[in-house]
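*Asks:* Could you have a look at this structure, given as structure tokens, before my questions?
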Amino acid sequence: MLSSTSTPVVAATLPVVGQHIEEISGVFYDTMLGENPELLDLFSRSAQATGEQRSALAGAVAAFASHLIGTGPDAAVSDHIVERIAQRHCALGIRPEQYTMVGRYLLGAVATVLGDAVTPAVAAAWDEVYWLFAARLIGREARLSAEAGVDGTDPWREYTVASRVAEAHDTVSFVLVPRDGGPAPTFRPGQYVTVAATLPDGSRQLRQYSLSQAATGATLRITVRRVRGTGGAPDGVVSGFLHEHVHAGDRLRLGHPYGNLVLTAGAAPLLLISAGVGITPMAAILDHVARTDPTREVTAVHADRGRDRHPLRADISGSGSRLRTFRHLVWYEQGGDGARTGRLDPDEIPLHPDAEVYLCGPVPFMQAVRAGLHRRGLPDDRIHYEVFGSEQWQAAPRALAPTS
């Protein structure tokens, strides 16, 4: 809880901080990474180039501050944001001591951008906001690491690529076996792993990829779509590296599985909705249900540009064939091959009134689906989603465009 001294200060200054949050984030990242270039390994080059990483930080800090003073998201939303960030930090190997440095640079950026408006009282109030946020994250990350059996000194493990499978246009799967001869880690369907890729120039970049099969105890599988930059955005550095340079017999370093888009216990009908490579966690969830609970009712809905871009379709159909009740609906922009033509309309998605919904795809796609499900009476607590990138939700379009 924010102190009685700091609450009115934060309430009075939040509007101006919010107005300048993008500039503050820019100064923060430029200063911290400029003075500590070794941290560049932790941050996506592509996200930095497009500004996505900065937007994610801005949204999290502003949302938490507004929650503390009672004007922002409620406790459930705040908890979701904290959980998502904590899961991502564990996946990246973030250490508690790094929060001190981040806080110093972040509050320094506030002072740089706002100048004389940052009085000692304002600085103290925002320092309190930051450390309340950091304490929640540090505590949750410690619990997650303990549950995973990760001691925090070296979160990485080496794997051999057992096989590489072309799934669709610009999309391949990698089946991975631990090099130490031990079992593959257990995980909850819907979670992801971090790939620590050493690039040809010697630099290292970290990326998260959803596990696209249920846990087997022997292998892990990730399915990677190559990111092609559009509108001046750069190509995906790590996805390009994996597509061009990684083949059967090669080595990859992976972190432990994390992520909070996970299948919860229960018997309610499942509705799995995806677009593009967002199908990967849905494939793992469906595979798990087919193995462990084949009487559960499942509907899988997917949107893509065309059959040639639809990954894991055979996996979805194969898992569905092992279920007693399964429905599979597909939308392609060009139509054909048993798919509906055009862009997915949320009002056409079959919806059981008791359904638990799992959702993954581009942010505009997910917001539009979420809004459509809300209109049809489905409450927020039964819609589970994963955002790879900024947590911010933009205005929903009338119809859904599948990912490129």
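Ligands are numbered from 1 in the order shown, residues from 1 within each chain, and chains are lettered A, B, ... in the order they appear in the structure tokens.
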Write down as a ChimeraX atom specification the residues belonging to stretch 206-347 of chain A that are assigned helix (DSSP H, G or I) by DSSP computed on the backbone.
*Replies:* /A:237-245,276-292,307-309,313-320,346-347
*Asks:* Tell me, as a ChimeraX atom specification, which residues lie within 9 Å of A:Gly320, counting only C-alpha atoms; anything in the same chain fewer than 6 positions away does not count.
*Replies:* /A:286-287,290,294,298-300,326-328
*Asks:* Please produce a file of those selected residues containing C-alpha atoms, as a PDB file, in the first residue's frame.
*Replies:*
```pdb
ATOM      1  CA  LEU A 286      -5.090 -29.556 -27.046  1.00  0.00           C
ATOM      2  CA  ASP A 287      -2.408 -32.275 -27.082  1.00  0.00           C
ATOM      3  CA  ALA A 290      -6.253 -35.410 -25.698  1.00  0.00           C
ATOM      4  CA  PRO A 294     -10.316 -37.072 -23.835  1.00  0.00           C
ATOM      5  CA  VAL A 298     -13.103 -28.700 -27.048  1.00  0.00           C
ATOM      6  CA  THR A 299     -13.601 -26.199 -29.877  1.00  0.00           C
ATOM      7  CA  ALA A 300     -10.520 -24.900 -31.749  1.00  0.00           C
ATOM      8  CA  PHE A 326     -14.220 -31.781 -30.890  1.00  0.00           C
ATOM      9  CA  ARG A 327     -15.039 -28.970 -33.299  1.00  0.00           C
ATOM     10  CA  HIS A 328     -12.461 -27.294 -35.543  1.00  0.00           C
TER      11      HIS A 328
END
```
*Asks:* So, counting only C-alpha atoms, which residue among A:Ser203, A:Thr198, A:Gln334, A:Gln191 is closest to A:Leu220?
*Replies:* A:Gln191
*Asks:* Would you please work out which residue, of A:Asp30, A:Asp235, A:Glu333, A:Asp354, is nearest to A:Asp308 when using only C-alpha atoms?
*Replies:* A:Glu333
*Asks:* Using only C-alpha atoms for the distances, tell me which of A:Ala314, A:Met1, A:Ala11, A:Cys360 is nearest to A:Leu261.
*Replies:* A:Cys360
*Asks:* Between A:Leu39, A:Leu312, A:Cys90, A:Val61, which is the closest to A:Ala146 once you count only C-alpha atoms?
*Replies:*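 Of A:Leu39, A:Leu312, A:Cys90, A:Val61, the one nearest A:Ala146 is A:Cys90, counting only C-alpha atoms.
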*Asks:* If we count only C-alpha atoms, what is near A:Thr13 at a cut-off of 10 Å, once residues fewer than 2 positions away on the same chain are taken out, given as a list in words?
*Replies:*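 Selected residues are Pro8, Val9, Val10, Ala11, Pro15, Val16, Val17, Gly18, Ala117, Val118, Val122, Ala125 and Trp126 of chain A.
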*Asks:* Determine, counting only C-alpha atoms, which protein, DNA and RNA residues have an atom within 10 Å of an atom of A:Leu254; residues of the same chain fewer than 5 positions away are not included. Present the result as a ChimeraX atom specification.
*Replies:* /A:91,155-159,176,178,193-197,206-208
*Asks:* Calculated over only C-alpha atoms, which of the candidates A:Arg88, A:Arg204, A:Arg140, A:Arg104 has the smallest distance to A:Tyr192?
*Replies:*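 Between A:Arg88, A:Arg204, A:Arg140, A:Arg104, the residue approaching A:Tyr192 most closely is A:Arg88.
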